[in-house]
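> This is the content of data-v7.pdb (PDB, C-alpha atoms, pLDDT in the B column):
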ATOM      1  CA  MET A  65     -22.059  59.346  11.628  1.00 59.00           C
ATOM      2  CA  LYS A  66     -21.888  59.935   7.896  1.00 62.00           C
ATOM      3  CA  LEU A  67     -18.139  60.510   8.165  1.00 60.00           C
ATOM      4  CA  ARG A  68     -17.678  57.239  10.058  1.00 63.00           C
ATOM      5  CA  ALA A  69     -19.747  55.405   7.476  1.00 58.00           C
ATOM      6  CA  LEU A  70     -17.661  56.874   4.664  1.00 56.00           C
ATOM      7  CA  LEU A  71     -14.430  55.948   6.429  1.00 55.00           C
ATOM      8  CA  ALA A  72     -15.648  52.398   7.053  1.00 53.00           C
ATOM      9  CA  THR A  73     -16.659  52.052   3.405  1.00 58.00           C
ATOM     10  CA  ALA A  74     -13.279  53.359   2.270  1.00 51.00           C
ATOM     11  CA  ILE A  75     -11.390  50.948   4.550  1.00 62.00           C
ATOM     12  CA  VAL A  76     -13.453  47.988   3.344  1.00 50.00           C
ATOM     13  CA  GLY A  77     -12.819  49.034  -0.247  1.00 47.00           C
ATOM     14  CA  LEU A  78      -9.070  49.334   0.299  1.00 52.00           C
ATOM     15  CA  CYS A  79      -8.932  45.916   1.983  1.00 45.00           C
ATOM     16  CA  ALA A  80     -10.867  44.349  -0.877  1.00 44.00           C
ATOM     17  CA  ALA A  81      -8.593  45.967  -3.445  1.00 40.00           C
ATOM     18  CA  ALA A  82      -5.495  44.778  -1.580  1.00 39.00           C
ATOM     19  CA  GLY A  83      -6.908  41.270  -1.481  1.00 39.00           C
ATOM     20  CA  VAL A  84      -7.555  41.283  -5.224  1.00 36.00           C
ATOM     21  CA  VAL A  85      -4.030  42.547  -5.937  1.00 35.00           C
ATOM     22  CA  ASP A  86      -2.518  39.942  -3.585  1.00 38.00           C
ATOM     23  CA  TRP A  87      -4.510  37.163  -5.266  1.00 34.00           C
ATOM     24  CA  ALA A  88      -3.546  38.360  -8.745  1.00 35.00           C
ATOM     25  CA  VAL A  89       0.167  38.590  -7.877  1.00 36.00           C
ATOM     26  CA  GLY A  90       0.134  35.185  -6.170  1.00 39.00           C
ATOM     27  CA  THR A  91      -1.659  33.545  -9.083  1.00 42.00           C
ATOM     28  CA  THR A  92       0.851  35.015 -11.533  1.00 43.00           C
ATOM     29  CA  LEU A  93       3.846  33.831  -9.520  1.00 46.00           C
ATOM     30  CA  ILE A  94       2.701  30.201  -9.326  1.00 51.00           C
ATOM     31  CA  ALA A  95       1.423  29.914 -12.907  1.00 57.00           C
ATOM     32  CA  ARG A  96       3.525  27.723 -15.161  1.00 72.00           C
ATOM     33  CA  ALA A  97       5.413  28.974 -18.179  1.00 75.00           C
ATOM     34  CA  PRO A  98       4.356  27.761 -21.656  1.00 83.00           C
ATOM     35  CA  ARG A  99       4.885  24.036 -22.142  1.00 83.00           C
ATOM     36  CA  GLN A 100       8.150  23.128 -23.866  1.00 87.00           C
ATOM     37  CA  SER A 101       9.504  20.242 -25.919  1.00 90.00           C
ATOM     38  CA  PHE A 102      13.100  19.068 -25.957  1.00 95.00           C
ATOM     39  CA  ILE A 103      15.299  17.172 -28.384  1.00 94.00           C
ATOM     40  CA  ALA A 104      17.361  14.348 -26.915  1.00 94.00           C
ATOM     41  CA  PRO A 105      21.049  15.264 -26.601  1.00 95.00           C
ATOM     42  CA  GLY A 106      23.376  13.677 -29.103  1.00 94.00           C
ATOM     43  CA  ASP A 107      26.126  12.999 -26.568  1.00 96.00           C
ATOM     44  CA  LEU A 108      24.039  11.202 -23.930  1.00 97.00           C
ATOM     45  CA  PRO A 109      22.191   7.971 -24.881  1.00 97.00           C
ATOM     46  CA  VAL A 110      18.841   8.801 -23.272  1.00 98.00           C
ATOM     47  CA  GLU A 111      15.411   7.285 -23.779  1.00 97.00           C
ATOM     48  CA  ARG A 112      12.302   9.414 -23.357  1.00 97.00           C
ATOM     49  CA  VAL A 113      10.141   8.353 -20.423  1.00 98.00           C
ATOM     50  CA  VAL A 114       6.567   9.399 -19.604  1.00 98.00           C
ATOM     51  CA  LEU A 115       5.119   8.534 -16.203  1.00 98.00           C
ATOM     52  CA  ASP A 116       1.338   8.498 -16.537  1.00 95.00           C
ATOM     53  CA  GLN A 117      -0.888   7.728 -13.587  1.00 90.00           C
ATOM     54  CA  ALA A 118      -4.589   8.458 -13.188  1.00 91.00           C
ATOM     55  CA  GLY A 119      -5.265  11.557 -11.124  1.00 90.00           C
ATOM     56  CA  THR A 120      -1.717  12.915 -11.356  1.00 93.00           C
ATOM     57  CA  PRO A 121       0.127  15.027 -13.953  1.00 95.00           C
ATOM     58  CA  ASP A 122       2.069  13.154 -16.619  1.00 97.00           C
ATOM     59  CA  LEU A 123       5.786  13.533 -15.935  1.00 98.00           C
ATOM     60  CA  VAL A 124       8.248  13.566 -18.824  1.00 98.00           C
ATOM     61  CA  GLY A 125      11.942  12.865 -18.568  1.00 98.00           C
ATOM     62  CA  TRP A 126      15.009  11.054 -19.839  1.00 98.00           C
ATOM     63  CA  ALA A 127      16.813   7.967 -18.573  1.00 98.00           C
ATOM     64  CA  ALA A 128      20.273   6.832 -19.635  1.00 98.00           C
ATOM     65  CA  LYS A 129      21.471   3.351 -18.650  1.00 97.00           C
ATOM     66  CA  ARG A 130      25.201   2.975 -18.180  1.00 97.00           C
ATOM     67  CA  LYS A 131      26.605  -0.472 -18.881  1.00 94.00           C
ATOM     68  CA  GLY A 132      28.198  -1.823 -15.726  1.00 92.00           C
ATOM     69  CA  SER A 133      26.655   1.038 -13.767  1.00 92.00           C
ATOM     70  CA  CYS A 134      27.728   1.584 -10.165  1.00 88.00           C
ATOM     71  CA  GLY A 135      24.363   3.141  -9.322  1.00 96.00           C
ATOM     72  CA  ALA A 136      21.639   5.404 -10.690  1.00 98.00           C
ATOM     73  CA  ILE A 137      21.313   9.133  -9.973  1.00 98.00           C
ATOM     74  CA  VAL A 138      18.026  11.048 -10.154  1.00 98.00           C
ATOM     75  CA  LEU A 139      18.479  14.753 -10.893  1.00 98.00           C
ATOM     76  CA  LEU A 140      15.685  17.268 -10.226  1.00 98.00           C
ATOM     77  CA  HIS A 141      15.854  20.926 -11.231  1.00 97.00           C
ATOM     78  CA  GLY A 142      14.945  24.145  -9.443  1.00 95.00           C
ATOM     79  CA  ARG A 143      11.758  26.196  -9.681  1.00 92.00           C
ATOM     80  CA  GLY A 144      11.098  27.671 -13.108  1.00 92.00           C
ATOM     81  CA  ALA A 145      13.749  25.493 -14.759  1.00 94.00           C
ATOM     82  CA  ASN A 146      13.559  22.085 -16.450  1.00 97.00           C
ATOM     83  CA  ARG A 147      15.644  18.960 -16.914  1.00 97.00           C
ATOM     84  CA  LEU A 148      18.031  20.710 -19.295  1.00 97.00           C
ATOM     85  CA  ALA A 149      19.415  22.532 -16.254  1.00 97.00           C
ATOM     86  CA  ASN A 150      20.897  19.214 -15.102  1.00 98.00           C
ATOM     87  CA  LEU A 151      22.071  17.958 -18.479  1.00 98.00           C
ATOM     88  CA  GLN A 152      25.768  18.771 -18.061  1.00 97.00           C
ATOM     89  CA  ARG A 153      25.822  17.173 -14.629  1.00 97.00           C
ATOM     90  CA  ALA A 154      24.071  14.118 -16.010  1.00 98.00           C
ATOM     91  CA  LYS A 155      26.720  13.774 -18.716  1.00 98.00           C
ATOM     92  CA  MET A 156      29.482  14.064 -16.127  1.00 97.00           C
ATOM     93  CA  LEU A 157      27.873  11.423 -13.892  1.00 97.00           C
ATOM     94  CA  PHE A 158      27.243   9.126 -16.852  1.00 97.00           C
ATOM     95  CA  ASP A 159      30.892   9.393 -17.904  1.00 96.00           C
ATOM     96  CA  ALA A 160      31.850   8.605 -14.305  1.00 96.00           C
ATOM     97  CA  GLY A 161      29.970   5.307 -14.469  1.00 96.00           C
ATOM     98  CA  TYR A 162      26.437   6.092 -13.272  1.00 98.00           C
ATOM     99  CA  SER A 163      23.072   5.649 -14.917  1.00 98.00           C
ATOM    100  CA  VAL A 164      21.127   8.919 -14.825  1.00 98.00           C
ATOM    101  CA  VAL A 165      17.472   9.941 -14.683  1.00 98.00           C
ATOM    102  CA  LEU A 166      16.313  13.512 -15.402  1.00 98.00           C
ATOM    103  CA  PHE A 167      12.691  14.642 -15.191  1.00 98.00           C
ATOM    104  CA  ASP A 168      10.677  17.822 -15.494  1.00 98.00           C
ATOM    105  CA  LEU A 169       8.670  18.371 -12.318  1.00 97.00           C
ATOM    106  CA  SER A 170       4.948  19.055 -12.748  1.00 96.00           C
ATOM    107  CA  GLY A 171       4.259  22.523 -14.094  1.00 95.00           C
ATOM    108  CA  HIS A 172       7.687  22.629 -15.752  1.00 96.00           C
ATOM    109  CA  GLY A 173       9.184  21.735 -19.127  1.00 96.00           C
ATOM    110  CA  GLU A 174       7.309  18.971 -20.932  1.00 97.00           C
ATOM    111  CA  SER A 175       5.440  17.670 -17.895  1.00 97.00           C
ATOM    112  CA  ASP A 176       1.750  18.321 -17.250  1.00 96.00           C
ATOM    113  CA  GLY A 177       0.465  20.599 -14.520  1.00 94.00           C
ATOM    114  CA  THR A 178      -0.706  24.194 -14.383  1.00 90.00           C
ATOM    115  CA  VAL A 179       1.085  25.348 -11.225  1.00 89.00           C
ATOM    116  CA  GLN A 180       4.726  25.736 -10.223  1.00 89.00           C
ATOM    117  CA  GLY A 181       4.700  24.961  -6.528  1.00 90.00           C
ATOM    118  CA  PHE A 182       7.331  25.111  -3.810  1.00 87.00           C
ATOM    119  CA  GLY A 183       7.956  21.445  -2.995  1.00 89.00           C
ATOM    120  CA  TYR A 184       4.888  20.105  -1.186  1.00 89.00           C
ATOM    121  CA  SER A 185       2.930  18.926  -4.237  1.00 89.00           C
ATOM    122  CA  GLU A 186       6.129  18.173  -6.161  1.00 95.00           C
ATOM    123  CA  GLY A 187       6.998  15.655  -3.452  1.00 95.00           C
ATOM    124  CA  GLN A 188       4.518  13.343  -5.158  1.00 96.00           C
ATOM    125  CA  ASP A 189       6.427  13.836  -8.403  1.00 97.00           C
ATOM    126  CA  ALA A 190       9.716  12.940  -6.733  1.00 98.00           C
ATOM    127  CA  ALA A 191       8.187   9.839  -5.133  1.00 97.00           C
ATOM    128  CA  ARG A 192       6.934   8.627  -8.515  1.00 97.00           C
ATOM    129  CA  ILE A 193      10.292   9.315 -10.160  1.00 98.00           C
ATOM    130  CA  LEU A 194      12.207   7.484  -7.430  1.00 98.00           C
ATOM    131  CA  ALA A 195       9.806   4.523  -7.665  1.00 97.00           C
ATOM    132  CA  TYR A 196      10.331   4.403 -11.432  1.00 98.00           C
ATOM    133  CA  THR A 197      14.103   4.514 -10.954  1.00 98.00           C
ATOM    134  CA  ARG A 198      13.979   1.602  -8.464  1.00 97.00           C
ATOM    135  CA  GLN A 199      12.007  -0.407 -11.000  1.00 97.00           C
ATOM    136  CA  ARG A 200      14.158   0.625 -13.958  1.00 97.00           C
ATOM    137  CA  PHE A 201      17.447  -0.173 -12.183  1.00 97.00           C
ATOM    138  CA  PRO A 202      16.648  -3.024  -9.767  1.00 95.00           C
ATOM    139  CA  GLY A 203      19.237  -3.913  -7.162  1.00 94.00           C
ATOM    140  CA  GLN A 204      21.238  -0.725  -7.676  1.00 96.00           C
ATOM    141  CA  LYS A 205      21.898   2.055  -5.192  1.00 97.00           C
ATOM    142  CA  ILE A 206      19.856   5.170  -5.968  1.00 98.00           C
ATOM    143  CA  GLY A 207      21.165   8.690  -5.504  1.00 97.00           C
ATOM    144  CA  ALA A 208      19.032  11.850  -5.381  1.00 98.00           C
ATOM    145  CA  LEU A 209      20.503  15.176  -6.492  1.00 98.00           C
ATOM    146  CA  GLY A 210      18.133  18.108  -6.213  1.00 97.00           C
ATOM    147  CA  SER A 211      18.500  21.870  -6.352  1.00 96.00           C
ATOM    148  CA  SER A 212      16.096  24.306  -4.644  1.00 94.00           C
ATOM    149  CA  LEU A 213      12.619  23.051  -5.633  1.00 95.00           C
ATOM    150  CA  GLY A 214      14.124  19.715  -6.620  1.00 97.00           C
ATOM    151  CA  ALA A 215      15.709  19.386  -3.181  1.00 96.00           C
ATOM    152  CA  ALA A 216      12.440  20.255  -1.437  1.00 94.00           C
ATOM    153  CA  SER A 217      10.624  17.712  -3.607  1.00 96.00           C
ATOM    154  CA  PHE A 218      12.937  14.929  -2.443  1.00 96.00           C
ATOM    155  CA  VAL A 219      12.324  15.903   1.184  1.00 93.00           C
ATOM    156  CA  PHE A 220       8.558  15.715   0.768  1.00 93.00           C
ATOM    157  CA  ALA A 221       8.830  12.407  -1.105  1.00 94.00           C
ATOM    158  CA  THR A 222       9.896  10.700   2.124  1.00 87.00           C
ATOM    159  CA  PRO A 223       8.955   8.296   3.556  1.00 83.00           C
ATOM    160  CA  LYS A 224       6.812   7.246   0.580  1.00 86.00           C
ATOM    161  CA  ALA A 225       9.927   6.830  -1.548  1.00 91.00           C
ATOM    162  CA  GLU A 226      13.533   7.182  -0.493  1.00 91.00           C
ATOM    163  CA  ALA A 227      16.927   7.239  -2.149  1.00 96.00           C
ATOM    164  CA  ASP A 228      20.048   5.674  -0.673  1.00 96.00           C
ATOM    165  CA  VAL A 229      22.002   8.928  -0.689  1.00 96.00           C
ATOM    166  CA  TYR A 230      21.024  12.584  -1.072  1.00 96.00           C
ATOM    167  CA  VAL A 231      22.678  15.771  -2.290  1.00 96.00           C
ATOM    168  CA  LEU A 232      20.303  18.662  -1.559  1.00 95.00           C
ATOM    169  CA  GLU A 233      21.440  22.069  -2.787  1.00 95.00           C
ATOM    170  CA  GLN A 234      19.933  25.469  -1.956  1.00 90.00           C
ATOM    171  CA  LEU A 235      17.218  23.846   0.149  1.00 89.00           C
ATOM    172  CA  TYR A 236      15.094  26.625   1.625  1.00 81.00           C
ATOM    173  CA  ALA A 237      13.823  26.174   5.185  1.00 74.00           C
ATOM    174  CA  THR A 238      10.651  28.239   4.732  1.00 72.00           C
ATOM    175  CA  LEU A 239       8.941  30.151   1.971  1.00 59.00           C
ATOM    176  CA  ARG A 240       9.645  33.323   3.922  1.00 63.00           C
ATOM    177  CA  GLY A 241      13.345  32.502   3.784  1.00 58.00           C
ATOM    178  CA  LEU A 242      13.080  31.896   0.057  1.00 53.00           C
ATOM    179  CA  ALA A 243      11.369  35.275  -0.355  1.00 50.00           C
ATOM    180  CA  HIS A 244      14.428  36.992   1.155  1.00 54.00           C
ATOM    181  CA  ALA A 245      16.576  35.448  -1.588  1.00 50.00           C
ATOM    182  CA  VAL A 246      13.986  35.997  -4.345  1.00 46.00           C
ATOM    183  CA  PRO A 247      12.152  39.265  -3.528  1.00 52.00           C
ATOM    184  CA  CYS A 248       9.435  38.770  -6.169  1.00 46.00           C
ATOM    185  CA  LEU A 249       8.149  35.801  -4.136  1.00 46.00           C
ATOM    186  CA  ALA A 250       7.550  37.918  -1.018  1.00 49.00           C
ATOM    187  CA  PRO A 251       3.745  38.181  -1.585  1.00 50.00           C
ATOM    188  CA  LEU A 252       3.511  34.399  -1.249  1.00 44.00           C
ATOM    189  CA  ALA A 253       5.355  34.122   2.073  1.00 50.00           C
ATOM    190  CA  GLY A 254       3.170  32.384   4.602  1.00 50.00           C
ATOM    191  CA  ARG A 255       0.443  31.493   2.084  1.00 47.00           C
ATOM    192  CA  TYR A 256       1.686  28.209   0.640  1.00 46.00           C
ATOM    193  CA  PRO A 257       3.451  25.094   1.988  1.00 46.00           C
ATOM    194  CA  THR A 258       7.205  25.342   1.587  1.00 43.00           C
ATOM    195  CA  GLY A 259       9.971  22.882   0.911  1.00 41.00           C
ATOM    196  CA  THR A 260      10.807  22.275   4.572  1.00 42.00           C
ATOM    197  CA  ASP A 261       9.334  23.564   7.812  1.00 43.00           C
ATOM    198  CA  ALA A 262       8.488  22.214  11.224  1.00 37.00           C
ATOM    199  CA  SER A 263       5.916  19.826   9.748  1.00 41.00           C
ATOM    200  CA  ALA A 264       8.141  18.546   6.956  1.00 44.00           C
ATOM    201  CA  PRO A 265       9.434  14.958   7.018  1.00 45.00           C
ATOM    202  CA  ARG A 266      13.017  14.476   8.118  1.00 45.00           C
ATOM    203  CA  LEU A 267      15.601  12.623   6.054  1.00 44.00           C
ATOM    204  CA  ARG A 268      17.523   9.921   7.811  1.00 44.00           C
ATOM    205  CA  GLY A 269      21.231  10.600   8.049  1.00 39.00           C
TER     206      GLY A 269
END
Spell out the structure here as structure tokens.

Amino acid sequence: MKLRALLATAIVGLCAAAGVVDWAVGTTLIARAPRQSFIAPGDLPVERVVLDQAGTPDLVGWAAKRKGSCGAIVLLHGRGANRLANLQRAKMLFDAGYSVVLFDLSGHGESDGTVQGFGYSEGQDAARILAYTRQRFPGQKIGALGSSLGAASFVFATPKAEADVYVLEQLYATLRGLAHAVPCLAPLAGRYPTGTDASAPRLRG
């Protein structure tokens, strides 16, 4: 009986320790990096934009209006990055005749937020950014260009806010699938909502 009691105690202790380690690793992986500040590029005429709304993180970004624009493109970065990751693309699109909008998702860059998620919560960010873009460029077609987390954010923004055309790059189907590509995320597989799964909204073709 004493042996059984000792074994049971040891098993409980090991399970508790594993749970603590799992929690610590998960918390570390979703924690944001130190907040950053960026200087506006000299070769793209951007204005700094802050979207502030009660109960939601402030989102910081840039908008560049192209005279005679043939549309406006919203660019959202991947997880752990910021709007600078899309700067060269924004310049190329601006030179091609488009107005451009670049934002840091919550928990990234200059934006508020303490957590770097995987698309579910950032869908609210994308919806706010798309709504701002509609207001900033009324009557124009809106394009959405997102990579990885940015792509997942656009998916979860629907149907609250929609673009007219989408380019979604490296869009992961599940967090488990993402963990195969990024092994350090494996401890989080199955624990958090992902960019797209069976319950995710579908984009109209």
> Rank nothing, just name the residue among A:Ala154, A:Leu115, A:Leu235, A:Ala160 nearest to A:Ile193, using only C-alpha atoms.
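Among the listed residues, the smallest separation from A:Ile193 belongs to A:Leu115.
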> Just checking: using all atoms listed in the file, which residue out of A:Gln152, A:Ser163, A:Ser211, A:Ser217 ends up closest to A:Val231?
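The closest residue to A:Val231 is A:Ser211.
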> List the residues sitting within 9 Å of (17.6, 6.2, -25.8) in the file's frame, using all atoms listed in the file, as a count of residues only.
10
> Tell me, in Å to one decimal, how far atom CA of A:Gln180 is from atom CA of A:Arg143.
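Taking atom CA of A:Gln180 as the start and atom CA of A:Arg143 as the end point, the length is 7.1 Å.
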> The PyMOL selection byres ((chain A and resi 214) around 12) on the file shown: which residues, as number ranges by chain?
A: 138-147, 149-150, 166-170, 172, 180-191, 193, 208-213, 215-221, 230-236, 259-260
